[in-house]
>>> print(open('work_3.csv').read())   # CSV, C-alpha atoms
chain,number,residue,atom,x,y,z
R,1,MET,CA,70.9,-21.7,11.6
R,2,ILE,CA,72.2,-23.5,8.5
R,3,GLU,CA,71.8,-20.3,6.5
R,4,ASN,CA,73.8,-18.4,9.1
R,5,LEU,CA,76.7,-20.9,9.0
R,6,GLN,CA,76.8,-20.6,5.2
R,7,THR,CA,77.0,-16.9,5.2
R,8,VAL,CA,80.0,-16.7,7.5
R,9,ASN,CA,82.8,-14.7,5.9
R,10,VAL,CA,84.2,-16.7,3.1
R,11,PHE,CA,87.4,-15.7,1.3
R,12,SER,CA,89.7,-17.1,-1.4
R,13,PRO,CA,93.4,-16.7,-0.6
R,14,PRO,CA,95.5,-15.2,-3.3
R,15,ILE,CA,97.8,-17.4,-5.4
R,16,ALA,CA,100.9,-16.1,-3.8
R,17,GLU,CA,99.6,-16.9,-0.3
R,18,ILE,CA,98.6,-20.4,-1.4
R,19,LEU,CA,102.1,-21.1,-2.8
R,20,VAL,CA,103.8,-19.8,0.3
R,21,ASN,CA,101.7,-21.8,2.6
R,22,VAL,CA,102.2,-25.0,0.6
R,23,LEU,CA,105.9,-24.4,0.3
R,24,ILE,CA,106.4,-23.8,4.0
R,25,SER,CA,104.4,-26.9,4.7
R,26,LEU,CA,106.5,-28.9,2.3
R,27,LEU,CA,109.8,-27.7,3.7
R,28,CYS,CA,108.8,-28.2,7.3
R,29,SER,CA,107.4,-31.7,6.6
R,30,PHE,CA,110.5,-32.6,4.7
R,31,THR,CA,112.5,-31.6,7.8
R,32,ILE,CA,110.2,-33.7,10.0
R,33,SER,CA,110.7,-36.7,7.8
R,34,ALA,CA,114.5,-36.2,7.9
R,35,ILE,CA,114.3,-36.1,11.7
R,36,TYR,CA,112.3,-39.3,11.7
R,37,ARG,CA,114.9,-41.1,9.5
R,38,PHE,CA,117.7,-39.9,11.8
R,39,THR,CA,116.0,-40.9,15.1
R,40,TYR,CA,114.2,-44.0,14.0
R,41,LYS,CA,115.2,-47.1,16.0
R,42,GLY,CA,112.6,-49.7,15.2
R,43,PRO,CA,113.3,-52.9,13.3
R,44,GLY,CA,110.8,-52.3,10.4
R,45,TYR,CA,111.7,-49.0,8.8
R,46,SER,CA,109.0,-47.9,6.3
R,47,GLY,CA,109.8,-45.6,3.5
R,48,SER,CA,106.1,-45.2,2.7
R,49,PHE,CA,105.5,-43.8,6.2
R,50,VAL,CA,108.3,-41.3,5.8
R,51,ASN,CA,106.7,-40.1,2.5
R,52,SER,CA,103.3,-40.0,4.1
R,53,ILE,CA,104.5,-37.5,6.7
R,54,ILE,CA,105.3,-35.1,3.9
R,55,PHE,CA,102.1,-35.7,2.0
R,56,LEU,CA,100.0,-35.5,5.1
R,57,SER,CA,101.3,-32.1,6.1
R,58,VAL,CA,100.9,-30.6,2.6
R,59,ILE,CA,97.4,-32.0,2.2
R,60,THR,CA,96.4,-30.7,5.7
R,61,SER,CA,97.6,-27.2,4.8
R,62,ILE,CA,95.5,-27.3,1.6
R,63,VAL,CA,92.4,-28.6,3.5
R,64,ILE,CA,92.8,-25.8,6.1
R,65,MET,CA,92.9,-23.2,3.3
R,66,VAL,CA,89.8,-24.8,1.8
R,67,ILE,CA,87.9,-24.5,5.1
R,68,GLY,CA,89.1,-20.9,5.7
R,69,ASN,CA,86.8,-19.5,8.4
R,70,ASN,CA,83.6,-21.1,6.9
R,71,LEU,CA,81.9,-23.2,9.6
R,72,ALA,CA,79.7,-25.0,7.1
R,73,ARG,CA,82.8,-26.3,5.3
R,74,ALA,CA,84.4,-27.3,8.6
R,75,PHE,CA,81.3,-29.4,9.6
R,76,GLY,CA,81.1,-30.8,6.1
R,77,LEU,CA,84.7,-31.9,6.2
R,78,VAL,CA,84.2,-33.6,9.6
R,79,GLY,CA,81.2,-35.5,8.1
R,80,ALA,CA,83.2,-36.6,5.1
R,81,LEU,CA,86.2,-37.8,7.1
R,82,SER,CA,83.9,-39.7,9.5
R,83,ILE,CA,83.2,-42.3,6.8
R,84,ILE,CA,86.9,-43.1,6.4
R,85,ARG,CA,88.3,-46.1,8.3
R,86,PHE,CA,92.0,-46.3,9.0
R,87,ARG,CA,92.9,-49.9,9.7
R,88,THR,CA,96.7,-49.7,9.3
R,89,ALA,CA,98.3,-50.7,12.7
R,90,ILE,CA,100.9,-48.3,14.1
R,91,LYS,CA,103.9,-50.3,15.0
R,92,ASP,CA,105.6,-47.7,17.2
R,93,THR,CA,103.8,-45.3,19.5
R,94,LEU,CA,106.3,-42.7,18.5
R,95,ASP,CA,105.0,-42.8,14.9
R,96,ILE,CA,101.8,-41.3,16.3
R,97,VAL,CA,103.8,-38.4,17.5
R,98,TYR,CA,105.2,-37.7,14.1
R,99,ILE,CA,101.7,-38.0,12.5
R,100,PHE,CA,100.3,-35.5,14.9
R,101,PHE,CA,103.5,-33.3,14.4
R,102,SER,CA,102.9,-33.3,10.7
R,103,LEU,CA,99.3,-32.5,11.0
R,104,ALA,CA,100.0,-29.5,13.4
R,105,ILE,CA,102.6,-28.1,11.0
R,106,GLY,CA,100.2,-28.5,8.1
R,107,MET,CA,97.5,-26.6,10.0
R,108,ALA,CA,99.8,-23.8,11.0
R,109,SER,CA,101.0,-23.4,7.4
R,110,GLY,CA,97.4,-23.6,6.1
R,111,VAL,CA,96.2,-20.7,8.2
R,112,GLY,CA,99.2,-18.6,7.3
R,113,TYR,CA,101.2,-18.9,10.5
R,114,GLN,CA,104.5,-19.5,8.6
R,115,LYS,CA,106.7,-18.4,11.5
R,116,LEU,CA,104.9,-20.7,13.9
R,117,ALA,CA,105.3,-23.6,11.5
R,118,ILE,CA,109.0,-23.0,11.1
R,119,VAL,CA,109.9,-22.3,14.7
R,120,GLY,CA,107.6,-25.2,15.8
R,121,THR,CA,109.4,-27.6,13.5
R,122,ILE,CA,112.8,-26.5,14.8
R,123,ILE,CA,111.9,-26.6,18.5
R,124,VAL,CA,110.0,-29.9,18.4
R,125,GLY,CA,112.7,-31.4,16.1
R,126,ILE,CA,115.5,-30.6,18.5
R,127,ILE,CA,113.5,-32.1,21.3
R,128,LEU,CA,112.9,-35.3,19.4
R,129,ILE,CA,116.6,-35.6,18.5
R,130,VAL,CA,117.7,-34.9,22.0
R,131,PHE,CA,115.3,-37.5,23.5
R,132,SER,CA,116.3,-40.1,21.0
R,133,ASN,CA,119.9,-40.2,22.4
R,134,ASP,CA,120.2,-43.2,24.6
R,135,ARG,CA,123.6,-42.1,25.9
R,136,LEU,CA,122.3,-39.1,27.8
R,137,PHE,CA,122.3,-39.7,31.5
R,138,LEU,CA,118.7,-38.6,32.0
R,139,PHE,CA,117.4,-41.5,29.9
R,140,SER,CA,117.1,-45.2,30.9
R,141,ALA,CA,119.7,-47.7,29.7
R,142,PRO,CA,119.0,-49.4,26.4
R,143,GLN,CA,116.9,-52.5,26.6
R,144,TYR,CA,118.1,-55.8,25.3
R,145,LEU,CA,116.3,-59.1,24.5
R,146,LEU,CA,118.1,-62.0,26.1
R,147,GLN,CA,117.5,-65.6,25.0
R,148,PHE,CA,119.3,-68.7,26.2
R,149,MET,CA,119.0,-72.4,26.9
R,150,HIS,CA,119.3,-73.8,30.4
R,151,THR,CA,119.5,-77.5,31.4
R,152,GLY,CA,119.0,-78.4,35.0
R,153,LYS,CA,116.6,-79.5,37.7
R,154,LYS,CA,113.3,-77.8,38.5
R,155,ASN,CA,113.7,-74.2,39.8
R,156,ASP,CA,117.4,-74.5,39.4
R,157,THR,CA,117.8,-70.9,38.2
R,158,ALA,CA,120.0,-69.4,40.9
R,159,ALA,CA,123.2,-69.6,38.8
R,160,PHE,CA,122.1,-67.4,35.9
R,161,THR,CA,119.8,-65.2,38.1
R,162,ASN,CA,122.8,-64.1,40.1
R,163,ILE,CA,124.6,-63.1,36.9
R,164,LEU,CA,121.5,-61.1,35.8
R,165,SER,CA,121.4,-59.3,39.2
R,166,VAL,CA,125.1,-58.3,39.0
R,167,TYR,CA,125.1,-57.1,35.4
R,168,CYS,CA,121.5,-55.8,34.9
R,169,LYS,CA,119.8,-52.7,36.3
R,170,ASP,CA,116.5,-54.6,35.9
R,171,PHE,CA,115.4,-57.7,34.0
R,172,GLU,CA,112.0,-59.1,33.2
R,173,LEU,CA,111.1,-62.7,32.3
R,174,ILE,CA,108.8,-62.7,29.2
R,175,ASN,CA,108.8,-66.3,28.1
R,176,ILE,CA,109.8,-69.8,29.0
R,177,ARG,CA,109.8,-72.6,26.5
R,178,SER,CA,110.2,-76.2,27.7
R,179,TYR,CA,111.7,-79.2,25.8
R,180,ASP,CA,110.8,-82.8,26.4
R,181,SER,CA,114.4,-84.1,26.6
R,182,ASP,CA,116.9,-83.7,29.5
R,183,ASN,CA,115.0,-80.9,31.4
R,184,THR,CA,116.0,-78.2,29.0
R,185,PHE,CA,114.2,-74.8,29.0
R,186,GLU,CA,114.6,-71.7,26.8
R,187,TYR,CA,114.3,-68.4,28.7
R,188,SER,CA,113.6,-65.0,27.2
R,189,TYR,CA,114.3,-61.8,29.2
R,190,TYR,CA,114.1,-58.1,28.7
R,191,VAL,CA,117.2,-56.7,30.4
R,192,ARG,CA,118.8,-53.3,31.0
R,193,LEU,CA,122.5,-53.4,31.7
R,194,ARG,CA,124.1,-51.2,34.3
R,195,LYS,CA,126.1,-48.3,32.9
R,196,ASN,CA,129.4,-49.6,34.1
R,197,LYS,CA,128.9,-53.2,32.8
R,198,ASP,CA,130.2,-54.5,29.5
R,199,VAL,CA,128.0,-56.5,27.1
R,200,ASN,CA,130.7,-58.9,26.2
R,201,SER,CA,131.6,-59.6,29.8
R,202,PHE,CA,128.0,-60.2,30.6
R,203,VAL,CA,127.6,-62.8,27.8
R,204,TYR,CA,130.9,-64.5,28.7
R,205,ASP,CA,130.0,-64.8,32.4
R,206,LEU,CA,126.5,-66.0,31.6
R,207,GLN,CA,127.9,-68.6,29.3
R,208,GLY,CA,130.1,-69.8,32.1
R,209,THR,CA,127.2,-70.8,34.4
R,210,GLU,CA,126.5,-74.5,34.6
R,211,GLY,CA,123.8,-75.7,32.2
R,212,THR,CA,123.5,-72.4,30.2
R,213,LYS,CA,124.2,-72.4,26.5
R,214,ASN,CA,123.1,-70.9,23.1
R,215,ILE,CA,123.0,-67.3,24.4
R,216,SER,CA,121.5,-64.6,22.1
R,217,LEU,CA,121.4,-60.9,23.0
R,218,PHE,CA,119.5,-58.6,20.8
R,219,PHE,CA,119.3,-54.8,21.0
R,220,ASP,CA,115.6,-54.4,21.2
R,221,ARG,CA,115.3,-50.9,19.7
R,222,GLN,CA,111.5,-51.3,19.5
R,223,ASN,CA,111.2,-51.1,23.3
R,224,SER,CA,114.1,-48.9,24.3
>>> encode(input="work_3.csv", output="structure tokens")
Amino acid sequence: MIENLQTVNVFSPPIAEILVNVLISLLCSFTISAIYRFTYKGPGYSGSFVNSIIFLSVITSIVIMVIGNNLARAFGLVGALSIIRFRTAIKDTLDIVYIFFSLAIGMASGVGYQKLAIVGTIIVGIILIVFSNDRLFLFSAPQYLLQFMHTGKKNDTAAFTNILSVYCKDFELINIRSYDSDNTFEYSYYVRLRKNKDVNSFVYDLQGTEGTKNISLFFDRQNS
């Protein structure tokens, strides 16, 4: 069985083909990184991750050319990669999409499917750009992180809750922090404003409710 796997057709691609495959992978992955920089909305932009997208695609294309159509090499590579442990946490689930995107383009380039790599980069890139536009009607409203202080009696939240209901498409309480003095609480909400509502008016009216102060409204790009 092992001998049969080792005798599967093995070929060495010519220099010209290697250069073309690597060049296509480099150009496509550079385009992917540019799309990532253009569409990124998280708070912690990482330049090393952007560079890693390029490196990952190019290296993947080389690995695919090394494997060729040799099954023994493929199994050997799986065994070698199984000992590697990736412990870096991914901050944004969309980053996983770009990692997989880069891998797919590198694989396509490595097997010589240059047209597939180029067209795939263009099509998926356009989709990522379009879906990153919060202003399009088919996407949900941008999400904000709202924090404010409120002083009042127990369960006396009707005043600011009414304001939230008027201005917000939906809102979710994520944290309450109490203070020992004068029945003061700090509230944290995730809110999505209605399309016809203005942010400044929302903050102004919320500030006008009795007992509400120190209002902070953050555009929470990480969760939008």
>>> closest_residue(input="work_3.csv", among="R:Ser12, R:Ile99, R:Gly211, R:Ile64", to="R:Asn51", atoms="all atoms listed in the file")
R:Ile99
>>> atom_distance(input="work_3.csv", atom1="atom CA of R:Ser188", atom2="atom CA of R:Thr212")
12.7 Å
>>> residues_around(input="work_3.csv", residues="stretch 110-113 of chain R", least_positions_apart="2", cutoff="9 Å", atoms="all atoms listed in the file", output="ChimeraX atom specification")
/R:17-18,20-22,25,58,60-66,68,105-108,115-118
>>> residues_around(input="work_3.csv", residues="R:Ser102", least_positions_apart="6", cutoff="12 Å", atoms="all atoms listed in the file", output="CSV table (one decimal) with C-alpha atoms, in the coordinates of the input")
chain,number,residue,atom,x,y,z
R,25,SER,CA,104.4,-26.9,4.7
R,26,LEU,CA,106.5,-28.9,2.3
R,27,LEU,CA,109.8,-27.7,3.7
R,28,CYS,CA,108.8,-28.2,7.3
R,29,SER,CA,107.4,-31.7,6.6
R,30,PHE,CA,110.5,-32.6,4.7
R,31,THR,CA,112.5,-31.6,7.8
R,32,ILE,CA,110.2,-33.7,10.0
R,33,SER,CA,110.7,-36.7,7.8
R,35,ILE,CA,114.3,-36.1,11.7
R,36,TYR,CA,112.3,-39.3,11.7
R,49,PHE,CA,105.5,-43.8,6.2
R,50,VAL,CA,108.3,-41.3,5.8
R,51,ASN,CA,106.7,-40.1,2.5
R,52,SER,CA,103.3,-40.0,4.1
R,53,ILE,CA,104.5,-37.5,6.7
R,54,ILE,CA,105.3,-35.1,3.9
R,55,PHE,CA,102.1,-35.7,2.0
R,56,LEU,CA,100.0,-35.5,5.1
R,57,SER,CA,101.3,-32.1,6.1
R,58,VAL,CA,100.9,-30.6,2.6
R,59,ILE,CA,97.4,-32.0,2.2
R,60,THR,CA,96.4,-30.7,5.7
R,61,SER,CA,97.6,-27.2,4.8
R,95,ASP,CA,105.0,-42.8,14.9
R,96,ILE,CA,101.8,-41.3,16.3
R,108,ALA,CA,99.8,-23.8,11.0
R,109,SER,CA,101.0,-23.4,7.4
R,117,ALA,CA,105.3,-23.6,11.5
R,118,ILE,CA,109.0,-23.0,11.1
R,120,GLY,CA,107.6,-25.2,15.8
R,121,THR,CA,109.4,-27.6,13.5
R,124,VAL,CA,110.0,-29.9,18.4
R,125,GLY,CA,112.7,-31.4,16.1
>>> closest_residue(input="work_3.csv", among="R:Ala158, R:Ile129, R:Leu103, R:Leu146", to="R:Ile215", atoms="all atoms listed in the file")
R:Leu146
>>> atom_distance(input="work_3.csv", atom1="atom CA of R:Val130", atom2="atom CA of R:Lys195")
19.2 Å
>>> residues_around(input="work_3.csv", residues="R:Ser165", least_positions_apart="5", cutoff="12 Å", atoms="all atoms listed in the file", output="list in words")
Ala158, Ala159, Phe160, Asp170, Phe171, Glu172, Val191, Arg192, Leu193, Arg194, Lys197, Phe202 and Leu206 of chain R
>>> closest_residue(input="work_3.csv", among="R:Asn196, R:Leu128, R:Gln114, R:Tyr179", to="R:Val97", atoms="all atoms listed in the file")
R:Leu128
>>> residues_near_point(input="work_3.csv", point="(124.2, -64.6, 25.6)", cutoff="10 Å", atoms="all atoms listed in the file", output="list of chain:residue names")
R:Leu145, R:Leu146, R:Gln147, R:Phe148, R:Met149, R:Val199, R:Asn200, R:Ser201, R:Phe202, R:Val203, R:Tyr204, R:Asp205, R:Leu206, R:Gln207, R:Thr212, R:Lys213, R:Asn214, R:Ile215, R:Ser216, R:Leu217, R:Phe218
>>> atom_distance(input="work_3.csv", atom1="atom CA of R:His150", atom2="atom CA of R:Glu210")
8.4 Å
